[in-house]
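Heads up: the structure comes next, in structure tokens.
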Amino acid sequence: MDNQQHRRIVICGGGVIGVCTAYFLSKRGVSVTLIEKSSIACAASGKAAGFLALDWADGGPLSSLTRASFNLHRSLAQDLNGAELYWYRAVTTLSLTVTESKNQNQSPENIPSWIDGPVRSLKTKGTTETTAQVHPKMFTETVLAKAVADYGVEVVIGKVERVEVAAVEDGGRAEAVVLEGGRMINCDGVVLALGPWSGKFEMLSELFRVYGIKAHSVVMEPKEKDLLTAHVLCLSNYGSGSSGGGKSMDPEIHPRSSGEVYVVGKLSEEEVPENPKEIVGDPESIRYLKRAAGTVSSHLTEGKAEVKAEQACFIPCTDDDIPIIGEVPGVKGCYVATGHGGWGILNGPATGAAMSELVLDGKSTIVDLSKFTPARFLDRRNQ
């Protein structure tokens, strides 16, 4: 694009993907309007763990995206004072087996003192060089605040009804976004970062399937929070990590530098509601997570820890478990970025940076987006 300062891009979706895309586009002088139906980071981007891993995707299609994004998180934390604003920090990640049996006589050596339950098979899954964490809601809000204050991003609360497409010689071109109530925002390009709600947007649902997996979580604050260390725990073989839908997840425990402890697990495939505010956790799943936390550490049991949140969110998934990032087939100037599964917070920065390059330069240099193209679904239909 020439004369970028005179270009206007509309981004639909106020989660981490949309916000990071707005940040990197506006940083290059583009006029950006971000449209969010409810509130910024109101869904998975506000209720996720915020766990970051450098090399866990190595050997797969997400490797380059994940590595680029992990490093971008580190540089953004320096640029945005992230350690202060959204609790960015490096962590050590441990894998351990937990049972509810009280017959465990001996705990593994070198285990953090606050982990006093019946645990065994302790292994290091990530070091402070390869794993880190952020507070996802604070991260998303901080990036957007910077984009608004320094680069003039406009935020509009409203429901996107459709993208207005003008006919051109070889297809269509996005020229406006129409909101519920009839308001039309003219633009030179549109980015659809709708998360699990991509499956409810007709333009996208006609091309591919994006569905939601419901993940439950609990936020606790122990009275003796000074005992907590920078260790993320991945539990194995603790009850059943899945309640249906073909996905599974053992509980994870994420102490944060704020003194809170985030516990996540219990996945199920369910219909995504229209409004994120309608999403509530299943009581049985919440009890399961509380029990897992208390089994690992007596400091996380009832009476010794305050439960600050019992919640759930939907993470956007695709049929091939690969994100969808690229131009919508047949509609020039209309782009999509969705389907990041449980790694949206991790891969948000590189997705946003790559999307800004694709929109403005016609290609991305930070990440090769060819494997993420939405056109791959058309290719499969034609085979």
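Residues are named by chain letter and number: chains run A, B, ... in the order of the structure tokens, numbers start at 1 in each chain, and ligands are numbered from 1 in the order shown.
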| message | Residues of stretch 25-245 of chain A classed as helix (DSSP H, G or I) by DSSP on the backbone are to be reported as a ChimeraX atom specification. | response | /A:25-27,44-47,63-79,82-85,136-151,195-200,202-205,225-227
Would you write out, as JSON lines, a table of all residues in stretch 253-359 of chain A that have an atom no more than 7 Å from an atom of stretch 223-235 of chain A, listing for each the closest atom pair and the distance in Å to one decimal, considering only C-alpha atoms and ordering rows by chain and rising residue number?
{"residue": "A:Ile253", "atom": "CA", "partner": "A:Leu233", "partner_atom": "CA", "distance": 5.0}
{"residue": "A:His254", "atom": "CA", "partner": "A:Val232", "partner_atom": "CA", "distance": 4.9}
{"residue": "A:Pro255", "atom": "CA", "partner": "A:Val232", "partner_atom": "CA", "distance": 6.6}
{"residue": "A:Gly259", "atom": "CA", "partner": "A:Lys225", "partner_atom": "CA", "distance": 5.2}
{"residue": "A:Lys304", "atom": "CA", "partner": "A:Lys223", "partner_atom": "CA", "distance": 5.8}
{"residue": "A:Ala305", "atom": "CA", "partner": "A:Lys223", "partner_atom": "CA", "distance": 5.7}
| field | A:Met138 environment, 8 Å, only C-alpha atoms, sequence neighbours closer than 2 positions dropped, as a PyMOL selection string | value | chain A and resi 46+85-86+135-136+140-142
Would you mind exporting all heavy atoms of the selected residues as an mmCIF file, in the first residue's frame?
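New file result-v6.cif:
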data_model
loop_
_atom_site.group_PDB
_atom_site.id
_atom_site.type_symbol
_atom_site.label_atom_id
_atom_site.label_comp_id
_atom_site.auth_asym_id
_atom_site.auth_seq_id
_atom_site.Cartn_x
_atom_site.Cartn_y
_atom_site.Cartn_z
ATOM 1 N N GLY A 46 -9.124 -12.858 27.970
ATOM 2 C CA GLY A 46 -9.119 -12.377 29.332
ATOM 3 C C GLY A 46 -9.123 -13.477 30.367
ATOM 4 O O GLY A 46 -8.896 -13.231 31.550
ATOM 5 N N LEU A 85 3.303 -3.935 34.050
ATOM 6 C CA LEU A 85 1.924 -3.705 33.636
ATOM 7 C C LEU A 85 1.107 -4.990 33.501
ATOM 8 O O LEU A 85 -0.080 -4.995 33.788
ATOM 9 C CB LEU A 85 1.898 -2.947 32.307
ATOM 10 C CG LEU A 85 2.485 -1.533 32.336
ATOM 11 C CD1 LEU A 85 2.516 -0.949 30.936
ATOM 12 C CD2 LEU A 85 1.679 -0.636 33.256
ATOM 13 N N TYR A 86 1.727 -6.051 33.034
ATOM 14 C CA TYR A 86 0.939 -7.273 32.849
ATOM 15 C C TYR A 86 1.692 -8.523 33.304
ATOM 16 O O TYR A 86 1.446 -9.614 32.843
ATOM 17 C CB TYR A 86 0.457 -7.409 31.401
ATOM 18 C CG TYR A 86 1.523 -7.350 30.324
ATOM 19 C CD1 TYR A 86 2.278 -8.468 29.989
ATOM 20 C CD2 TYR A 86 1.753 -6.177 29.617
ATOM 21 C CE1 TYR A 86 3.233 -8.425 28.996
ATOM 22 C CE2 TYR A 86 2.706 -6.119 28.607
ATOM 23 C CZ TYR A 86 3.442 -7.249 28.298
ATOM 24 O OH TYR A 86 4.390 -7.201 27.297
ATOM 25 N N HIS A 135 -0.133 -12.014 32.157
ATOM 26 C CA HIS A 135 -1.547 -11.977 32.498
ATOM 27 C C HIS A 135 -2.276 -11.593 31.216
ATOM 28 O O HIS A 135 -2.098 -10.494 30.700
ATOM 29 C CB HIS A 135 -1.814 -10.945 33.595
ATOM 30 C CG HIS A 135 -3.214 -10.971 34.104
ATOM 31 N ND1 HIS A 135 -4.302 -10.596 33.313
ATOM 32 C CD2 HIS A 135 -3.732 -11.339 35.308
ATOM 33 C CE1 HIS A 135 -5.408 -10.719 34.020
ATOM 34 N NE2 HIS A 135 -5.100 -11.180 35.224
ATOM 35 N N PRO A 136 -3.094 -12.496 30.647
ATOM 36 C CA PRO A 136 -3.600 -12.272 29.288
ATOM 37 C C PRO A 136 -4.483 -11.035 29.133
ATOM 38 O O PRO A 136 -4.364 -10.305 28.148
ATOM 39 C CB PRO A 136 -4.379 -13.555 28.982
ATOM 40 C CG PRO A 136 -4.724 -14.117 30.318
ATOM 41 C CD PRO A 136 -3.586 -13.760 31.220
ATOM 42 N N THR A 140 -3.421 -7.836 26.829
ATOM 43 C CA THR A 140 -4.251 -7.354 25.726
ATOM 44 C C THR A 140 -4.632 -5.891 25.930
ATOM 45 O O THR A 140 -4.557 -5.072 24.999
ATOM 46 C CB THR A 140 -5.517 -8.221 25.595
ATOM 47 O OG1 THR A 140 -5.126 -9.594 25.453
ATOM 48 C CG2 THR A 140 -6.345 -7.825 24.388
ATOM 49 N N GLU A 141 -5.027 -5.538 27.144
ATOM 50 C CA GLU A 141 -5.409 -4.158 27.423
ATOM 51 C C GLU A 141 -4.233 -3.199 27.324
ATOM 52 O O GLU A 141 -4.386 -2.055 26.864
ATOM 53 C CB GLU A 141 -6.048 -4.074 28.813
ATOM 54 C CG GLU A 141 -7.405 -4.760 28.902
ATOM 55 C CD GLU A 141 -8.011 -4.728 30.287
ATOM 56 O OE1 GLU A 141 -7.249 -4.490 31.262
ATOM 57 O OE2 GLU A 141 -9.224 -4.942 30.411
ATOM 58 N N THR A 142 -3.051 -3.658 27.729
ATOM 59 C CA THR A 142 -1.867 -2.800 27.667
ATOM 60 C C THR A 142 -1.462 -2.516 26.227
ATOM 61 O O THR A 142 -1.132 -1.373 25.866
ATOM 62 C CB THR A 142 -0.697 -3.447 28.427
ATOM 63 O OG1 THR A 142 -1.058 -3.607 29.802
ATOM 64 C CG2 THR A 142 0.565 -2.605 28.346
#
| Atom pair atom CA of A:Val272 / atom CA of A:Leu194: separation (Å) | 12.1 Å
Could you list, with a cut-off of 12 Å and counting only C-alpha atoms, the residues of stretch 44-87 of chain A near stretch 342-346 of chain A, each shown with its nearest atom pair and the distance in Å rounded to one decimal, rows sorted by chain and ascending number, as CSV?
residue,atom,partner,partner_atom,distance
A:Ala44,CA,A:Gly344,CA,8.5
A:Ser45,CA,A:Ile345,CA,6.8
A:Gly46,CA,A:Ile345,CA,9.6
A:Lys47,CA,A:Ile345,CA,10.4
A:Ala48,CA,A:Ile345,CA,7.7
A:Ala49,CA,A:Ile345,CA,8.5
A:Gly50,CA,A:Ile345,CA,5.9
A:Phe51,CA,A:Leu346,CA,6.8
A:Leu52,CA,A:Leu346,CA,5.2
A:Ala53,CA,A:Leu346,CA,7.4
A:Leu54,CA,A:Leu346,CA,9.0
A:Asp55,CA,A:Leu346,CA,11.5
A:Trp56,CA,A:Trp343,CA,10.7
A:Ala57,CA,A:Trp343,CA,10.1
A:Leu62,CA,A:Trp343,CA,10.0
A:Ser63,CA,A:Leu346,CA,11.9
A:Leu65,CA,A:Leu346,CA,9.4
A:Thr66,CA,A:Leu346,CA,7.0
A:Arg67,CA,A:Leu346,CA,9.4
A:Ala68,CA,A:Leu346,CA,9.9
A:Ser69,CA,A:Leu346,CA,6.4
A:Phe70,CA,A:Leu346,CA,6.5
A:Asn71,CA,A:Leu346,CA,9.9
A:Leu72,CA,A:Leu346,CA,9.5
A:His73,CA,A:Leu346,CA,7.8
A:Arg74,CA,A:Leu346,CA,10.9
With a cut-off of 12 Å, could you pull out the residues of stretch 130-219 of chain A touching stretch 292-299 of chain A and give me the nearest pair of atoms for each, distance in Å to one decimal, using only C-alpha atoms, ordered by chain and ascending number, as CSV?
residue,atom,partner,partner_atom,distance
A:Ser217,CA,A:Ala293,CA,11.1
A:Val218,CA,A:Ala293,CA,9.5
A:Val219,CA,A:Ala293,CA,10.5
| request: For A:Pro108, list every protein, DNA or RNA residue within 10 Å, evaluated using only C-alpha atoms, and leave out those in the same chain fewer than 4 positions away; present the list as a list in words. | output: Leu96, Pro112, Pro118, Val119, Arg120, Ser121, Leu122 and Lys123 of chain A
When DSSP works through the backbone of this structure, what residues of stretch 230-352 of chain A end up as strand (DSSP E or B), shown as a compact mmCIF listing (two decimals) with N, CA, C and O atoms, in the first residue's frame?
# COMPACT_ATOMS: atom_id res chain seq x y z
N HIS A 231 6.95 -21.31 39.14
CA HIS A 231 6.87 -22.64 38.56
C HIS A 231 5.46 -22.89 38.03
O HIS A 231 4.49 -22.78 38.79
N VAL A 232 5.34 -23.23 36.78
CA VAL A 232 4.08 -23.67 36.20
C VAL A 232 4.03 -25.19 36.29
O VAL A 232 5.01 -25.87 35.96
N LEU A 233 2.89 -25.73 36.70
CA LEU A 233 2.76 -27.17 36.90
C LEU A 233 1.80 -27.77 35.88
O LEU A 233 0.67 -27.31 35.74
N CYS A 234 2.25 -28.80 35.19
CA CYS A 234 1.42 -29.56 34.27
C CYS A 234 1.17 -30.93 34.90
O CYS A 234 2.09 -31.75 35.00
N LEU A 235 -0.05 -31.16 35.35
CA LEU A 235 -0.38 -32.41 36.01
C LEU A 235 -0.67 -33.50 34.98
O LEU A 235 -1.16 -33.23 33.89
N SER A 236 -0.38 -34.73 35.33
CA SER A 236 -0.70 -35.86 34.46
C SER A 236 -1.41 -36.94 35.26
O SER A 236 -1.16 -37.11 36.45
N SER A 242 -10.97 -34.43 30.35
CA SER A 242 -11.93 -34.06 29.31
C SER A 242 -13.32 -34.52 29.69
O SER A 242 -13.50 -35.54 30.34
N GLU A 252 -3.68 -27.77 34.83
CA GLU A 252 -2.45 -27.00 34.91
C GLU A 252 -2.60 -25.96 36.01
O GLU A 252 -3.68 -25.40 36.20
N ILE A 253 -1.52 -25.69 36.71
CA ILE A 253 -1.53 -24.72 37.80
C ILE A 253 -0.48 -23.65 37.50
O ILE A 253 0.69 -23.97 37.32
N HIS A 254 -0.93 -22.40 37.44
CA HIS A 254 -0.08 -21.29 37.02
C HIS A 254 -0.03 -20.21 38.11
O HIS A 254 -0.87 -19.31 38.15
N PRO A 255 0.93 -20.28 39.03
CA PRO A 255 1.11 -19.16 39.95
C PRO A 255 1.56 -17.91 39.16
O PRO A 255 2.34 -18.01 38.21
N VAL A 261 -3.17 -17.58 41.75
CA VAL A 261 -2.89 -18.88 41.15
C VAL A 261 -4.03 -19.20 40.20
O VAL A 261 -5.20 -19.22 40.60
N TYR A 262 -3.68 -19.45 38.95
CA TYR A 262 -4.67 -19.76 37.91
C TYR A 262 -4.63 -21.26 37.66
O TYR A 262 -3.57 -21.84 37.43
N VAL A 263 -5.80 -21.90 37.72
CA VAL A 263 -5.91 -23.34 37.52
C VAL A 263 -6.85 -23.58 36.34
O VAL A 263 -7.96 -23.05 36.31
N VAL A 264 -6.42 -24.39 35.37
CA VAL A 264 -7.21 -24.58 34.16
C VAL A 264 -7.30 -26.06 33.81
O VAL A 264 -6.39 -26.84 34.09
N GLY A 265 -8.39 -26.45 33.16
CA GLY A 265 -8.58 -27.82 32.71
C GLY A 265 -10.04 -28.03 32.34
O GLY A 265 -10.81 -27.09 32.22
N LYS A 266 -10.43 -29.28 32.17
CA LYS A 266 -11.80 -29.67 31.83
C LYS A 266 -12.29 -29.03 30.54
O LYS A 266 -12.82 -27.92 30.52
N LEU A 267 -12.10 -29.72 29.45
CA LEU A 267 -12.50 -29.23 28.14
C LEU A 267 -13.75 -29.97 27.64
O LEU A 267 -13.94 -31.14 27.92
N SER A 268 -14.55 -29.26 26.87
CA SER A 268 -15.70 -29.89 26.22
C SER A 268 -16.07 -29.09 24.99
O SER A 268 -15.90 -27.87 24.95
N GLU A 269 -16.55 -29.78 23.96
CA GLU A 269 -16.99 -29.09 22.75
C GLU A 269 -18.48 -28.78 22.90
O GLU A 269 -19.30 -29.68 23.06
N GLU A 302 -9.57 -25.02 50.51
CA GLU A 302 -10.59 -24.12 51.06
C GLU A 302 -10.19 -23.68 52.47
O GLU A 302 -9.77 -24.47 53.28
N ALA A 305 -7.11 -20.44 50.86
CA ALA A 305 -7.02 -19.67 49.62
C ALA A 305 -8.40 -19.11 49.29
O ALA A 305 -9.41 -19.81 49.42
N GLU A 306 -8.42 -17.87 48.87
CA GLU A 306 -9.67 -17.24 48.43
C GLU A 306 -9.89 -17.52 46.95
O GLU A 306 -8.98 -17.33 46.13
N VAL A 307 -11.07 -17.98 46.59
CA VAL A 307 -11.42 -18.18 45.19
C VAL A 307 -11.92 -16.85 44.62
O VAL A 307 -12.97 -16.34 45.04
N LYS A 308 -11.17 -16.30 43.68
CA LYS A 308 -11.50 -14.98 43.14
C LYS A 308 -12.32 -15.06 41.86
O LYS A 308 -13.01 -14.10 41.49
N ALA A 309 -12.25 -16.19 41.17
CA ALA A 309 -13.04 -16.34 39.95
C ALA A 309 -13.26 -17.81 39.64
O ALA A 309 -12.36 -18.63 39.84
N GLU A 310 -14.47 -18.14 39.22
CA GLU A 310 -14.82 -19.45 38.67
C GLU A 310 -15.40 -19.16 37.30
O GLU A 310 -16.43 -18.51 37.18
N GLN A 311 -14.75 -19.64 36.24
CA GLN A 311 -15.09 -19.13 34.91
C GLN A 311 -14.85 -20.18 33.83
O GLN A 311 -14.32 -21.26 34.07
N ALA A 312 -15.24 -19.80 32.63
CA ALA A 312 -15.01 -20.63 31.44
C ALA A 312 -14.90 -19.71 30.24
O ALA A 312 -15.36 -18.56 30.25
N CYS A 313 -14.28 -20.21 29.20
CA CYS A 313 -14.18 -19.47 27.94
C CYS A 313 -14.10 -20.48 26.81
O CYS A 313 -13.86 -21.66 27.03
N PHE A 314 -14.31 -20.00 25.59
CA PHE A 314 -14.23 -20.85 24.41
C PHE A 314 -12.96 -20.52 23.63
O PHE A 314 -12.70 -19.35 23.34
N ILE A 315 -12.19 -21.55 23.30
CA ILE A 315 -11.01 -21.34 22.47
C ILE A 315 -11.33 -21.77 21.04
O ILE A 315 -12.02 -22.77 20.82
N PRO A 316 -10.88 -21.00 20.05
CA PRO A 316 -11.25 -21.27 18.65
C PRO A 316 -10.37 -22.35 18.04
O PRO A 316 -9.14 -22.24 18.03
N CYS A 317 -11.00 -23.38 17.50
CA CYS A 317 -10.27 -24.52 16.94
C CYS A 317 -10.67 -24.75 15.48
O CYS A 317 -11.78 -24.41 15.07
N THR A 318 -9.76 -25.36 14.72
CA THR A 318 -10.02 -25.70 13.33
C THR A 318 -9.95 -27.21 13.16
O THR A 318 -9.42 -27.92 14.02
N ILE A 324 -5.93 -20.17 11.02
CA ILE A 324 -6.29 -19.66 9.70
C ILE A 324 -5.88 -18.19 9.65
O ILE A 324 -6.45 -17.35 10.36
N ILE A 325 -4.88 -17.89 8.84
CA ILE A 325 -4.33 -16.53 8.77
C ILE A 325 -4.08 -16.21 7.30
O ILE A 325 -3.25 -16.86 6.65
N GLY A 326 -4.79 -15.24 6.77
CA GLY A 326 -4.55 -14.87 5.37
C GLY A 326 -5.73 -14.14 4.77
O GLY A 326 -6.71 -13.82 5.44
N GLU A 327 -5.63 -13.90 3.46
CA GLU A 327 -6.70 -13.20 2.76
C GLU A 327 -7.83 -14.17 2.46
O GLU A 327 -7.62 -15.32 2.08
N VAL A 331 -12.14 -12.35 -2.03
CA VAL A 331 -12.47 -11.01 -1.52
C VAL A 331 -11.16 -10.27 -1.20
O VAL A 331 -10.57 -10.48 -0.15
N LYS A 332 -10.73 -9.44 -2.12
CA LYS A 332 -9.50 -8.69 -1.91
C LYS A 332 -9.67 -7.70 -0.76
O LYS A 332 -10.73 -7.10 -0.59
N CYS A 334 -9.83 -8.34 2.33
CA CYS A 334 -10.51 -8.92 3.49
C CYS A 334 -9.66 -10.07 4.02
O CYS A 334 -9.36 -11.02 3.27
N TYR A 335 -9.27 -10.00 5.28
CA TYR A 335 -8.33 -10.96 5.85
C TYR A 335 -8.95 -11.61 7.09
O TYR A 335 -9.82 -11.03 7.74
N VAL A 336 -8.45 -12.79 7.41
CA VAL A 336 -8.95 -13.50 8.58
C VAL A 336 -7.76 -13.99 9.40
O VAL A 336 -6.71 -14.36 8.86
N ALA A 337 -7.93 -13.95 10.72
CA ALA A 337 -6.92 -14.49 11.64
C ALA A 337 -7.67 -15.12 12.81
O ALA A 337 -8.22 -14.41 13.67
N THR A 338 -7.72 -16.43 12.84
CA THR A 338 -8.51 -17.13 13.86
C THR A 338 -8.01 -18.57 14.00
O THR A 338 -7.10 -19.00 13.28
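Candidate residues A:Thr301, A:Thr99, A:Thr92, A:Thr33 were compared for distance to A:Val153, and the nearest is A:Thr33, using only C-alpha atoms.
Atom pair atom CA of A:Lys37 / atom CA of A:Leu144 has a distance of 15.7 Å (rounded to one decimal).
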| task | Extract, using only C-alpha atoms, all DNA, RNA and protein residues at most 12 Å from A:Ile11, discarding same-chain residues fewer than 4 positions from it, and format them as a PyMOL selection string. | result | chain A and resi 15-26+30-37+153-157+160+163+176-177+185-194+333-337+352+355-356+359
